$ cat protein19.cif   # mmCIF, C-alpha atoms and all ligand atoms
data_run
loop_
_atom_site.group_PDB
_atom_site.id
_atom_site.type_symbol
_atom_site.label_atom_id
_atom_site.label_comp_id
_atom_site.auth_asym_id
_atom_site.auth_seq_id
_atom_site.Cartn_x
_atom_site.Cartn_y
_atom_site.Cartn_z
ATOM 1 C CA MET A 29 -89.190 77.811 -26.285
ATOM 2 C CA THR A 30 -89.456 74.081 -26.756
ATOM 3 C CA ALA A 31 -92.148 72.098 -24.970
ATOM 4 C CA ARG A 32 -91.364 69.801 -22.094
ATOM 5 C CA LEU A 33 -91.630 66.157 -23.194
ATOM 6 C CA ILE A 34 -94.058 64.115 -21.127
ATOM 7 C CA ASP A 35 -92.375 60.766 -20.493
ATOM 8 C CA GLY A 36 -95.115 58.203 -21.058
ATOM 9 C CA LYS A 37 -92.641 55.335 -20.984
ATOM 10 C CA GLY A 38 -91.332 56.340 -17.570
ATOM 11 C CA ALA A 39 -94.798 57.010 -16.145
ATOM 12 C CA ALA A 40 -95.980 53.630 -17.449
ATOM 13 C CA ALA A 41 -93.003 51.856 -15.850
ATOM 14 C CA GLU A 42 -93.853 53.560 -12.536
ATOM 15 C CA LEU A 43 -97.492 52.519 -12.749
ATOM 16 C CA ARG A 44 -96.524 48.942 -13.663
ATOM 17 C CA ALA A 45 -94.239 48.833 -10.620
ATOM 18 C CA LYS A 46 -97.179 49.933 -8.427
ATOM 19 C CA VAL A 47 -99.376 47.285 -10.050
ATOM 20 C CA ALA A 48 -96.725 44.623 -9.420
ATOM 21 C CA GLY A 49 -96.558 45.657 -5.753
ATOM 22 C CA GLU A 50 -100.332 45.412 -5.488
ATOM 23 C CA VAL A 51 -100.276 41.957 -7.146
ATOM 24 C CA ARG A 52 -97.685 40.737 -4.602
ATOM 25 C CA ARG A 53 -99.868 42.062 -1.799
ATOM 26 C CA LEU A 54 -102.993 40.327 -3.147
ATOM 27 C CA VAL A 55 -101.132 37.036 -3.541
ATOM 28 C CA ALA A 56 -99.589 37.209 -0.057
ATOM 29 C CA ALA A 57 -102.633 38.466 1.867
ATOM 30 C CA HIS A 58 -105.472 36.804 -0.021
ATOM 31 C CA GLY A 59 -103.996 34.050 -2.212
ATOM 32 C CA LEU A 60 -105.431 35.996 -5.138
ATOM 33 C CA THR A 61 -103.440 36.156 -8.397
ATOM 34 C CA PRO A 62 -105.116 38.518 -10.890
ATOM 35 C CA GLY A 63 -105.708 36.812 -14.243
ATOM 36 C CA LEU A 64 -106.168 38.515 -17.616
ATOM 37 C CA ALA A 65 -107.586 36.759 -20.691
ATOM 38 C CA VAL A 66 -106.781 38.351 -24.047
ATOM 39 C CA VAL A 67 -108.733 37.239 -27.101
ATOM 40 C CA LEU A 68 -107.285 37.892 -30.555
ATOM 41 C CA VAL A 69 -109.335 37.081 -33.642
ATOM 42 C CA GLY A 70 -107.502 36.844 -36.976
ATOM 43 C CA ASP A 71 -103.968 37.962 -37.727
ATOM 44 C CA ASN A 72 -104.012 41.763 -38.020
ATOM 45 C CA PRO A 73 -100.300 42.517 -37.375
ATOM 46 C CA ALA A 74 -100.958 45.683 -35.324
ATOM 47 C CA SER A 75 -103.423 43.786 -33.112
ATOM 48 C CA ALA A 76 -100.972 40.888 -32.733
ATOM 49 C CA ALA A 77 -98.250 43.335 -31.653
ATOM 50 C CA TYR A 78 -100.516 44.960 -29.020
ATOM 51 C CA VAL A 79 -101.602 41.566 -27.722
ATOM 52 C CA ALA A 80 -97.996 40.338 -27.432
ATOM 53 C CA SER A 81 -97.094 43.451 -25.469
ATOM 54 C CA LYS A 82 -100.080 43.044 -23.127
ATOM 55 C CA LYS A 83 -99.134 39.436 -22.486
ATOM 56 C CA LYS A 84 -95.511 40.278 -21.709
ATOM 57 C CA MET A 85 -96.378 43.166 -19.388
ATOM 58 C CA SER A 86 -99.006 41.217 -17.464
ATOM 59 C CA ALA A 87 -96.555 38.365 -16.866
ATOM 60 C CA GLN A 88 -93.884 40.862 -15.714
ATOM 61 C CA SER A 89 -96.254 42.317 -13.147
ATOM 62 C CA GLY A 90 -96.902 38.881 -11.647
ATOM 63 C CA MET A 91 -100.363 38.299 -13.095
ATOM 64 C CA LEU A 92 -101.562 35.267 -14.956
ATOM 65 C CA SER A 93 -102.252 35.817 -18.624
ATOM 66 C CA PHE A 94 -104.341 33.593 -20.822
ATOM 67 C CA ASP A 95 -104.032 33.918 -24.579
ATOM 68 C CA HIS A 96 -106.861 32.911 -26.883
ATOM 69 C CA ARG A 97 -106.249 33.073 -30.612
ATOM 70 C CA LEU A 98 -109.108 32.395 -32.965
ATOM 71 C CA PRO A 99 -108.968 32.238 -36.770
ATOM 72 C CA GLY A 100 -110.318 35.240 -38.700
ATOM 73 C CA SER A 101 -113.056 32.952 -40.045
ATOM 74 C CA VAL A 102 -114.456 32.158 -36.574
ATOM 75 C CA SER A 103 -118.236 32.500 -36.198
ATOM 76 C CA GLU A 104 -119.857 34.970 -33.830
ATOM 77 C CA ALA A 105 -121.405 32.047 -31.931
ATOM 78 C CA GLU A 106 -117.994 30.445 -31.331
ATOM 79 C CA LEU A 107 -116.551 33.727 -30.040
ATOM 80 C CA LEU A 108 -119.579 34.261 -27.779
ATOM 81 C CA ALA A 109 -119.164 30.707 -26.448
ATOM 82 C CA LEU A 110 -115.522 31.436 -25.543
ATOM 83 C CA ILE A 111 -116.538 34.633 -23.744
ATOM 84 C CA ALA A 112 -119.200 32.736 -21.786
ATOM 85 C CA LYS A 113 -116.526 30.263 -20.705
ATOM 86 C CA LEU A 114 -114.152 33.059 -19.621
ATOM 87 C CA ASN A 115 -116.997 34.817 -17.763
ATOM 88 C CA GLY A 116 -117.529 31.635 -15.746
ATOM 89 C CA ASP A 117 -113.841 30.967 -15.001
ATOM 90 C CA PRO A 118 -112.964 32.175 -11.469
ATOM 91 C CA SER A 119 -109.218 32.372 -12.248
ATOM 92 C CA ILE A 120 -109.918 35.072 -14.855
ATOM 93 C CA HIS A 121 -110.647 38.573 -13.563
ATOM 94 C CA GLY A 122 -110.208 40.569 -16.750
ATOM 95 C CA ILE A 123 -111.315 39.835 -20.320
ATOM 96 C CA LEU A 124 -110.085 41.831 -23.286
ATOM 97 C CA VAL A 125 -111.265 41.152 -26.823
ATOM 98 C CA GLN A 126 -108.900 42.948 -29.169
ATOM 99 C CA LEU A 127 -110.686 45.178 -31.689
ATOM 100 C CA PRO A 128 -111.295 45.432 -34.592
ATOM 101 C CA LEU A 129 -113.190 42.179 -35.192
ATOM 102 C CA PRO A 130 -113.809 40.633 -38.623
ATOM 103 C CA PRO A 131 -116.990 41.693 -40.457
ATOM 104 C CA GLN A 132 -119.029 38.539 -39.735
ATOM 105 C CA ILE A 133 -118.924 39.412 -36.029
ATOM 106 C CA ASP A 134 -121.024 42.132 -34.401
ATOM 107 C CA ALA A 135 -118.543 43.883 -32.098
ATOM 108 C CA ASN A 136 -121.325 45.429 -30.000
ATOM 109 C CA LYS A 137 -122.779 42.012 -29.280
ATOM 110 C CA VAL A 138 -119.345 40.760 -28.197
ATOM 111 C CA ILE A 139 -118.725 43.783 -25.961
ATOM 112 C CA GLU A 140 -122.112 43.273 -24.285
ATOM 113 C CA ALA A 141 -121.372 39.577 -23.724
ATOM 114 C CA VAL A 142 -118.382 40.296 -21.452
ATOM 115 C CA ASP A 143 -119.225 40.228 -17.727
ATOM 116 C CA PRO A 144 -119.189 43.960 -16.769
ATOM 117 C CA ASN A 145 -117.128 43.100 -13.664
ATOM 118 C CA LYS A 146 -114.440 41.565 -15.924
ATOM 119 C CA ASP A 147 -114.638 44.306 -18.552
ATOM 120 C CA VAL A 148 -111.094 45.688 -18.185
ATOM 121 C CA ASP A 149 -111.513 47.635 -21.459
ATOM 122 C CA GLY A 150 -114.445 49.526 -19.929
ATOM 123 C CA PHE A 151 -116.386 49.151 -23.179
ATOM 124 C CA HIS A 152 -119.528 47.453 -21.805
ATOM 125 C CA PRO A 153 -122.610 49.721 -21.876
ATOM 126 C CA LEU A 154 -123.017 49.244 -18.112
ATOM 127 C CA ASN A 155 -119.506 50.587 -17.467
ATOM 128 C CA ALA A 156 -119.966 53.371 -20.034
ATOM 129 C CA GLY A 157 -123.198 54.334 -18.259
ATOM 130 C CA ARG A 158 -121.600 54.189 -14.824
ATOM 131 C CA LEU A 159 -118.764 56.409 -16.058
ATOM 132 C CA LEU A 160 -121.315 58.890 -17.455
ATOM 133 C CA LEU A 161 -123.130 58.967 -14.111
ATOM 134 C CA GLY A 162 -119.909 59.423 -12.141
ATOM 135 C CA LEU A 163 -120.306 56.050 -10.400
ATOM 136 C CA PRO A 164 -117.369 53.694 -9.725
ATOM 137 C CA SER A 165 -116.659 51.780 -12.933
ATOM 138 C CA LEU A 166 -113.980 50.105 -14.980
ATOM 139 C CA ALA A 167 -113.016 52.924 -17.380
ATOM 140 C CA PRO A 168 -111.320 52.571 -20.792
ATOM 141 C CA CYS A 169 -107.533 52.313 -20.579
ATOM 142 C CA THR A 170 -106.401 54.889 -23.135
ATOM 143 C CA PRO A 171 -108.483 57.720 -21.606
ATOM 144 C CA LEU A 172 -107.259 56.712 -18.122
ATOM 145 C CA GLY A 173 -103.689 56.925 -19.423
ATOM 146 C CA CYS A 174 -104.356 60.385 -20.905
ATOM 147 C CA ILE A 175 -105.624 61.657 -17.545
ATOM 148 C CA LYS A 176 -102.551 60.316 -15.746
ATOM 149 C CA LEU A 177 -100.228 61.961 -18.293
ATOM 150 C CA ALA A 178 -102.103 65.280 -18.082
ATOM 151 C CA ARG A 179 -101.777 65.190 -14.295
ATOM 152 C CA ILE A 180 -97.988 64.962 -14.507
ATOM 153 C CA VAL A 181 -98.115 68.539 -15.824
ATOM 154 C CA HIS A 182 -101.308 69.685 -14.052
ATOM 155 C CA PRO A 183 -101.642 67.927 -10.669
ATOM 156 C CA SER A 184 -105.191 69.351 -10.556
ATOM 157 C CA LEU A 185 -107.357 69.601 -13.676
ATOM 158 C CA VAL A 186 -110.030 71.655 -11.876
ATOM 159 C CA GLY A 187 -111.300 74.465 -14.074
ATOM 160 C CA LEU A 188 -108.890 73.659 -16.896
ATOM 161 C CA GLU A 189 -110.136 74.298 -20.469
ATOM 162 C CA ALA A 190 -109.788 70.890 -22.133
ATOM 163 C CA VAL A 191 -110.502 70.159 -25.789
ATOM 164 C CA VAL A 192 -110.774 66.555 -26.951
ATOM 165 C CA VAL A 193 -110.375 66.144 -30.706
ATOM 166 C CA GLY A 194 -112.262 62.979 -31.658
ATOM 167 C CA ARG A 195 -115.497 61.392 -30.398
ATOM 168 C CA SER A 196 -114.859 57.656 -30.578
ATOM 169 C CA ASN A 197 -116.430 55.270 -28.082
ATOM 170 C CA ILE A 198 -112.940 53.982 -27.184
ATOM 171 C CA VAL A 199 -111.209 57.316 -26.517
ATOM 172 C CA GLY A 200 -112.958 60.641 -27.156
ATOM 173 C CA LYS A 201 -116.296 60.061 -25.420
ATOM 174 C CA PRO A 202 -115.008 58.285 -22.288
ATOM 175 C CA LEU A 203 -112.113 60.766 -21.998
ATOM 176 C CA ALA A 204 -114.594 63.658 -22.013
ATOM 177 C CA GLN A 205 -116.442 61.966 -19.128
ATOM 178 C CA LEU A 206 -113.244 61.387 -17.138
ATOM 179 C CA LEU A 207 -112.249 65.038 -17.649
ATOM 180 C CA ILE A 208 -115.664 66.194 -16.420
ATOM 181 C CA GLY A 209 -115.118 63.935 -13.414
ATOM 182 C CA GLN A 210 -111.890 65.868 -12.767
ATOM 183 C CA ASN A 211 -113.847 69.146 -12.940
ATOM 184 C CA ALA A 212 -112.284 70.345 -16.192
ATOM 185 C CA THR A 213 -114.331 72.370 -18.681
ATOM 186 C CA VAL A 214 -114.638 70.037 -21.651
ATOM 187 C CA THR A 215 -115.259 70.586 -25.343
ATOM 188 C CA VAL A 216 -115.379 67.665 -27.768
ATOM 189 C CA ALA A 217 -114.387 68.668 -31.305
ATOM 190 C CA HIS A 218 -114.766 66.338 -34.282
ATOM 191 C CA SER A 219 -114.826 66.128 -38.072
ATOM 192 C CA LYS A 220 -117.987 68.242 -38.325
ATOM 193 C CA THR A 221 -116.815 70.961 -35.921
ATOM 194 C CA ARG A 222 -116.947 74.289 -37.768
ATOM 195 C CA ASP A 223 -113.587 75.797 -36.789
ATOM 196 C CA ILE A 224 -111.439 73.260 -34.926
ATOM 197 C CA PRO A 225 -108.292 75.440 -34.832
ATOM 198 C CA MET A 226 -110.236 78.211 -33.116
ATOM 199 C CA VAL A 227 -111.847 75.796 -30.653
ATOM 200 C CA CYS A 228 -108.446 74.284 -29.774
ATOM 201 C CA ARG A 229 -106.738 77.651 -29.391
ATOM 202 C CA ARG A 230 -108.606 78.402 -26.191
ATOM 203 C CA ALA A 231 -107.562 75.117 -24.572
ATOM 204 C CA ASP A 232 -105.099 74.661 -21.717
ATOM 205 C CA LEU A 233 -105.138 70.947 -22.584
ATOM 206 C CA VAL A 234 -105.619 69.491 -26.069
ATOM 207 C CA VAL A 235 -106.010 65.742 -26.492
ATOM 208 C CA ALA A 236 -105.751 64.598 -30.111
ATOM 209 C CA ALA A 237 -107.627 61.347 -30.728
ATOM 210 C CA ALA A 238 -108.907 61.639 -34.283
ATOM 211 C CA GLY A 239 -106.795 58.985 -36.017
ATOM 212 C CA ARG A 240 -105.385 61.431 -38.597
ATOM 213 C CA ALA A 241 -101.624 61.822 -38.972
ATOM 214 C CA GLY A 242 -100.389 65.328 -38.247
ATOM 215 C CA LEU A 243 -103.902 66.830 -37.964
ATOM 216 C CA VAL A 244 -103.109 69.207 -35.093
ATOM 217 C CA ARG A 245 -100.937 72.095 -36.305
ATOM 218 C CA ARG A 246 -98.888 74.773 -34.604
ATOM 219 C CA ASP A 247 -101.518 77.506 -35.001
ATOM 220 C CA TRP A 248 -104.140 75.361 -33.193
ATOM 221 C CA ILE A 249 -102.233 75.566 -29.926
ATOM 222 C CA LYS A 250 -102.241 78.339 -27.345
ATOM 223 C CA PRO A 251 -98.632 79.070 -26.322
ATOM 224 C CA GLY A 252 -97.782 77.021 -23.234
ATOM 225 C CA ALA A 253 -100.725 74.594 -23.557
ATOM 226 C CA THR A 254 -100.374 70.877 -22.838
ATOM 227 C CA VAL A 255 -100.811 68.534 -25.816
ATOM 228 C CA ILE A 256 -101.535 64.815 -25.496
ATOM 229 C CA ASP A 257 -101.299 62.775 -28.678
ATOM 230 C CA VAL A 258 -103.309 59.544 -28.795
ATOM 231 C CA GLY A 259 -102.697 58.922 -32.509
ATOM 232 C CA ILE A 260 -100.929 55.832 -33.798
ATOM 233 C CA ASN A 261 -100.758 56.288 -37.569
ATOM 234 C CA ARG A 262 -98.565 54.279 -39.912
ATOM 235 C CA VAL A 263 -97.163 56.533 -42.637
ATOM 236 C CA THR A 264 -94.618 56.082 -45.431
ATOM 237 C CA ASP A 265 -91.965 58.823 -45.649
ATOM 238 C CA GLU A 266 -90.183 60.095 -48.799
ATOM 239 C CA GLY A 267 -87.566 57.345 -48.489
ATOM 240 C CA GLY A 268 -90.303 54.687 -48.583
ATOM 241 C CA ARG A 269 -89.786 53.821 -44.917
ATOM 242 C CA HIS A 270 -92.696 53.129 -42.607
ATOM 243 C CA ARG A 271 -92.988 55.199 -39.468
ATOM 244 C CA ILE A 272 -95.504 55.586 -36.679
ATOM 245 C CA VAL A 273 -96.673 59.159 -36.171
ATOM 246 C CA GLY A 274 -99.325 60.727 -33.965
ATOM 247 C CA ASP A 275 -102.278 63.013 -34.701
ATOM 248 C CA VAL A 276 -100.102 66.021 -33.833
ATOM 249 C CA ALA A 277 -97.560 67.654 -36.172
ATOM 250 C CA PHE A 278 -94.966 67.098 -33.470
ATOM 251 C CA ALA A 279 -91.969 69.116 -34.758
ATOM 252 C CA GLU A 280 -93.936 72.348 -35.161
ATOM 253 C CA VAL A 281 -96.322 71.961 -32.204
ATOM 254 C CA ARG A 282 -93.519 71.327 -29.718
ATOM 255 C CA GLU A 283 -92.262 74.858 -30.477
ATOM 256 C CA VAL A 284 -95.407 76.473 -29.048
ATOM 257 C CA ALA A 285 -96.778 73.946 -26.543
ATOM 258 C CA GLY A 286 -95.726 73.965 -22.894
ATOM 259 C CA ALA A 287 -95.683 70.155 -22.689
ATOM 260 C CA ILE A 288 -96.303 67.398 -25.228
ATOM 261 C CA THR A 289 -96.368 63.608 -25.389
ATOM 262 C CA PRO A 290 -94.171 61.915 -28.004
ATOM 263 C CA VAL A 291 -95.341 59.153 -30.363
ATOM 264 C CA PRO A 292 -94.206 56.488 -29.747
ATOM 265 C CA GLY A 293 -93.436 56.552 -26.023
ATOM 266 C CA GLY A 294 -96.354 58.686 -24.831
ATOM 267 C CA VAL A 295 -99.898 57.424 -24.493
ATOM 268 C CA GLY A 296 -99.241 53.904 -25.863
ATOM 269 C CA PRO A 297 -97.272 52.495 -22.908
ATOM 270 C CA MET A 298 -99.696 54.148 -20.464
ATOM 271 C CA THR A 299 -102.650 52.378 -22.074
ATOM 272 C CA ILE A 300 -101.137 48.979 -21.353
ATOM 273 C CA ALA A 301 -100.149 49.942 -17.801
ATOM 274 C CA CYS A 302 -103.750 51.098 -17.184
ATOM 275 C CA LEU A 303 -105.030 47.772 -18.513
ATOM 276 C CA LEU A 304 -102.954 46.014 -15.856
ATOM 277 C CA ALA A 305 -104.260 48.418 -13.203
ATOM 278 C CA ASN A 306 -107.835 47.697 -14.328
ATOM 279 C CA THR A 307 -107.172 43.955 -14.064
ATOM 280 C CA VAL A 308 -106.022 44.354 -10.454
ATOM 281 C CA LYS A 309 -109.141 46.442 -9.749
ATOM 282 C CA ALA A 310 -111.339 43.780 -11.348
ATOM 283 C CA ALA A 311 -109.667 41.071 -9.240
ATOM 284 C CA CYS A 312 -110.394 43.096 -6.079
ATOM 285 C CA LEU A 313 -113.975 43.605 -7.258
ATOM 286 C CA SER A 314 -114.443 39.852 -7.705
ATOM 287 C CA ALA A 315 -113.096 39.147 -4.211
ATOM 288 C CA GLY A 316 -115.088 41.931 -2.517
ATOM 289 C CA LEU A 317 -111.844 43.712 -1.552
ATOM 290 C CA PRO A 318 -111.453 47.510 -1.540
ATOM 291 C CA GLN A 319 -110.118 49.038 -4.763
ATOM 292 C CA PRO A 320 -106.402 49.902 -4.544
ATOM 293 C CA GLU A 321 -105.260 53.444 -5.443
ATOM 294 C CA LEU A 322 -103.444 52.966 -8.745
HETATM 295 N N1 LIG B 401 -108.093 48.210 -30.419
HETATM 296 C C1 LIG B 401 -107.542 49.457 -30.391
HETATM 297 N N2 LIG B 401 -107.536 49.934 -29.137
HETATM 298 C C2 LIG B 401 -108.083 48.977 -28.359
HETATM 299 C C3 LIG B 401 -108.338 48.875 -26.960
HETATM 300 O O1 LIG B 401 -108.081 49.777 -26.167
HETATM 301 N N3 LIG B 401 -108.904 47.720 -26.551
HETATM 302 C C4 LIG B 401 -109.234 46.726 -27.396
HETATM 303 N N4 LIG B 401 -109.802 45.648 -26.914
HETATM 304 N N5 LIG B 401 -109.015 46.771 -28.697
HETATM 305 C C5 LIG B 401 -108.441 47.903 -29.165
#

$ encode --input "protein19.cif" --output "structure tokens" --more "lines below"
Ligand code: GUN
Amino acid sequence: MTARLIDGKGAAAELRAKVAGEVRRLVAAHGLTPGLAVVLVGDNPASAAYVASKKKMSAQSGMLSFDHRLPGSVSEAELLALIAKLNGDPSIHGILVQLPLPPQIDANKVIEAVDPNKDVDGFHPLNAGRLLLGLPSLAPCTPLGCIKLARIVHPSLVGLEAVVVGRSNIVGKPLAQLLIGQNATVTVAHSKTRDIPMVCRRADLVVAAAGRAGLVRRDWIKPGATVIDVGINRVTDEGGRHRIVGDVAFAEVREVAGAITPVPGGVGPMTIACLLANTVKAACLSAGLPQPEL
């Protein structure tokens, strides 16, 4: 049996359409156009590609987008000054500083400088803490996208055995919290876990977010389980061509899994759609309006 493919591209297009509808409603009813500021430091080509995509998608959904490009040599003080300006600008509801940042800049300091109510990445310690406590918060976009993709296959995650492979602050840790919030039983496996294949084999849902190409193999997966692949790894094949592959050995895992996300076209597009949804939520937050269901 071959696994069902989870269509991240299609689900992202659907979510973006909902976001666009919500933007039209906010403009018409409240004269409120959500605005997203994206800050890119330096010229990392992968970061530049993400930022270009975010800009295009936010414009398509009717939001305002503000691009700020700073040279890789910028000082921490200059970046913090820009963030202070964006925090104080009422036309900006969401601020995203693309990571990674160059070594002269303390990323934690930058993350903490963003107004928590404009923190559409959900990286600020206040939002991380609120997520941990199960309080309303802006949650990180990639984990939100993973939950939405999992729920295409499992409308309810209650009682599901979920294993998250990876414990990053951006994906693994917040995803574990979101899964707990959905009443799943959650295990977080990582590079020091004693027997990852055995831990994964009991899972109904495996989310691979370790940043290692092809890490998750066929014998890690219980037949019929759902597999969500967060990995975006650039590899060179035998012909010397560059390709993007996930953290899952896709060809072999799709033969045992019940459902699987492709790379590209799985989690990636959902992340950007969730960023737009978070920006609409942040705009509502700023105006004291109820949060839309997105
Ligand atoms: N770099 C890689 N992923 C992300 C993300 O989700 N947000 C930001 N700001 N930078 C990233």

$ resolve_selection --input "protein19.cif" --expression "the PyMOL selection byres (((not hetatm)) within 6 of (chain B and resi 401))" --output "list of chain:residue names"
A:Leu124, A:Val125, A:Gln126, A:Leu127, A:Pro128, A:Asp149

$ atom_distance --input "protein19.cif" --atom1 "CA of Gly70 in chain A" --atom2 "CA of Ser101 in chain A"
7.4 Å

$ resolve_selection --input "protein19.cif" --expression "the PyMOL selection byres (((chain A and resi 171) around 8) and not hetatm)" --output "list in words"
Ala167, Pro168, Cys169, Thr170, Leu172, Gly173, Cys174, Ile175, Val199, Gly200, Pro202, Leu203, Leu206 and Thr299 of chain A

$ closest_residue --input "protein19.cif" --among "A:Asp257, A:Asp232, A:Glu140, A:Asp247" --to "Gly194 in chain A" --atoms "only C-alpha atoms"
A:Asp257

$ atom_distance --input "protein19.cif" --atom1 "CA of Ile180 in chain A" --atom2 "CA of Gly90 in chain A"
26.3 Å

$ axis_aligned_box --input "protein19.cif" --around "range 63-68 of chain A" --padding-each-side "6 Å" --output "lines of an AutoDock Vina configuration file"
center_x = -107.2
center_y = 37.6
center_z = -22.4
size_x = 15.0
size_y = 13.8
size_z = 28.3

$ atom_distance --input "protein19.cif" --atom1 "CA of Ser219 in chain A" --atom2 "CA of Asn72 in chain A"
26.7 Å

$ build_atoms --input "protein19.cif" --residues "range 167-174 of chain A" --atoms "all heavy atoms" --output "PDB file, in the frame of the given file"
ATOM      1  N   ALA A 167    -113.025  51.932 -16.297  1.00  0.00           N
ATOM      2  CA  ALA A 167    -113.016  52.924 -17.380  1.00  0.00           C
ATOM      3  C   ALA A 167    -112.011  52.518 -18.447  1.00  0.00           C
ATOM      4  O   ALA A 167    -111.035  51.821 -18.154  1.00  0.00           O
ATOM      5  CB  ALA A 167    -112.677  54.298 -16.819  1.00  0.00           C
ATOM      6  N   PRO A 168    -112.234  52.933 -19.697  1.00  0.00           N
ATOM      7  CA  PRO A 168    -111.320  52.571 -20.792  1.00  0.00           C
ATOM      8  C   PRO A 168    -109.875  53.013 -20.530  1.00  0.00           C
ATOM      9  O   PRO A 168    -109.619  54.076 -19.960  1.00  0.00           O
ATOM     10  CB  PRO A 168    -111.921  53.288 -21.998  1.00  0.00           C
ATOM     11  CG  PRO A 168    -113.376  53.375 -21.690  1.00  0.00           C
ATOM     12  CD  PRO A 168    -113.425  53.629 -20.197  1.00  0.00           C
ATOM     13  N   CYS A 169    -108.945  52.165 -20.963  1.00  0.00           N
ATOM     14  CA  CYS A 169    -107.533  52.313 -20.579  1.00  0.00           C
ATOM     15  C   CYS A 169    -106.841  53.516 -21.218  1.00  0.00           C
ATOM     16  O   CYS A 169    -106.055  54.199 -20.547  1.00  0.00           O
ATOM     17  CB  CYS A 169    -106.778  51.040 -20.966  1.00  0.00           C
ATOM     18  SG  CYS A 169    -107.537  49.554 -20.318  1.00  0.00           S
ATOM     19  N   THR A 170    -107.097  53.771 -22.488  1.00  0.00           N
ATOM     20  CA  THR A 170    -106.401  54.889 -23.135  1.00  0.00           C
ATOM     21  C   THR A 170    -106.807  56.225 -22.501  1.00  0.00           C
ATOM     22  O   THR A 170    -105.935  57.036 -22.151  1.00  0.00           O
ATOM     23  CB  THR A 170    -106.631  54.876 -24.655  1.00  0.00           C
ATOM     24  OG1 THR A 170    -106.103  53.651 -25.171  1.00  0.00           O
ATOM     25  CG2 THR A 170    -105.939  56.043 -25.335  1.00  0.00           C
ATOM     26  N   PRO A 171    -108.108  56.485 -22.301  1.00  0.00           N
ATOM     27  CA  PRO A 171    -108.483  57.720 -21.606  1.00  0.00           C
ATOM     28  C   PRO A 171    -107.906  57.804 -20.192  1.00  0.00           C
ATOM     29  O   PRO A 171    -107.442  58.874 -19.771  1.00  0.00           O
ATOM     30  CB  PRO A 171    -110.015  57.654 -21.568  1.00  0.00           C
ATOM     31  CG  PRO A 171    -110.380  56.793 -22.727  1.00  0.00           C
ATOM     32  CD  PRO A 171    -109.288  55.794 -22.849  1.00  0.00           C
ATOM     33  N   LEU A 172    -107.880  56.694 -19.460  1.00  0.00           N
ATOM     34  CA  LEU A 172    -107.259  56.712 -18.122  1.00  0.00           C
ATOM     35  C   LEU A 172    -105.799  57.120 -18.221  1.00  0.00           C
ATOM     36  O   LEU A 172    -105.306  57.925 -17.421  1.00  0.00           O
ATOM     37  CB  LEU A 172    -107.346  55.323 -17.468  1.00  0.00           C
ATOM     38  CG  LEU A 172    -108.671  54.906 -16.848  1.00  0.00           C
ATOM     39  CD1 LEU A 172    -108.582  53.439 -16.385  1.00  0.00           C
ATOM     40  CD2 LEU A 172    -109.046  55.804 -15.675  1.00  0.00           C
ATOM     41  N   GLY A 173    -105.099  56.584 -19.222  1.00  0.00           N
ATOM     42  CA  GLY A 173    -103.689  56.925 -19.423  1.00  0.00           C
ATOM     43  C   GLY A 173    -103.523  58.404 -19.747  1.00  0.00           C
ATOM     44  O   GLY A 173    -102.596  59.052 -19.247  1.00  0.00           O
ATOM     45  N   CYS A 174    -104.427  58.952 -20.557  1.00  0.00           N
ATOM     46  CA  CYS A 174    -104.356  60.385 -20.905  1.00  0.00           C
ATOM     47  C   CYS A 174    -104.496  61.250 -19.659  1.00  0.00           C
ATOM     48  O   CYS A 174    -103.788  62.249 -19.501  1.00  0.00           O
ATOM     49  CB  CYS A 174    -105.476  60.749 -21.887  1.00  0.00           C
ATOM     50  SG  CYS A 174    -105.275  60.020 -23.516  1.00  0.00           S
TER      51      CYS A 174
END
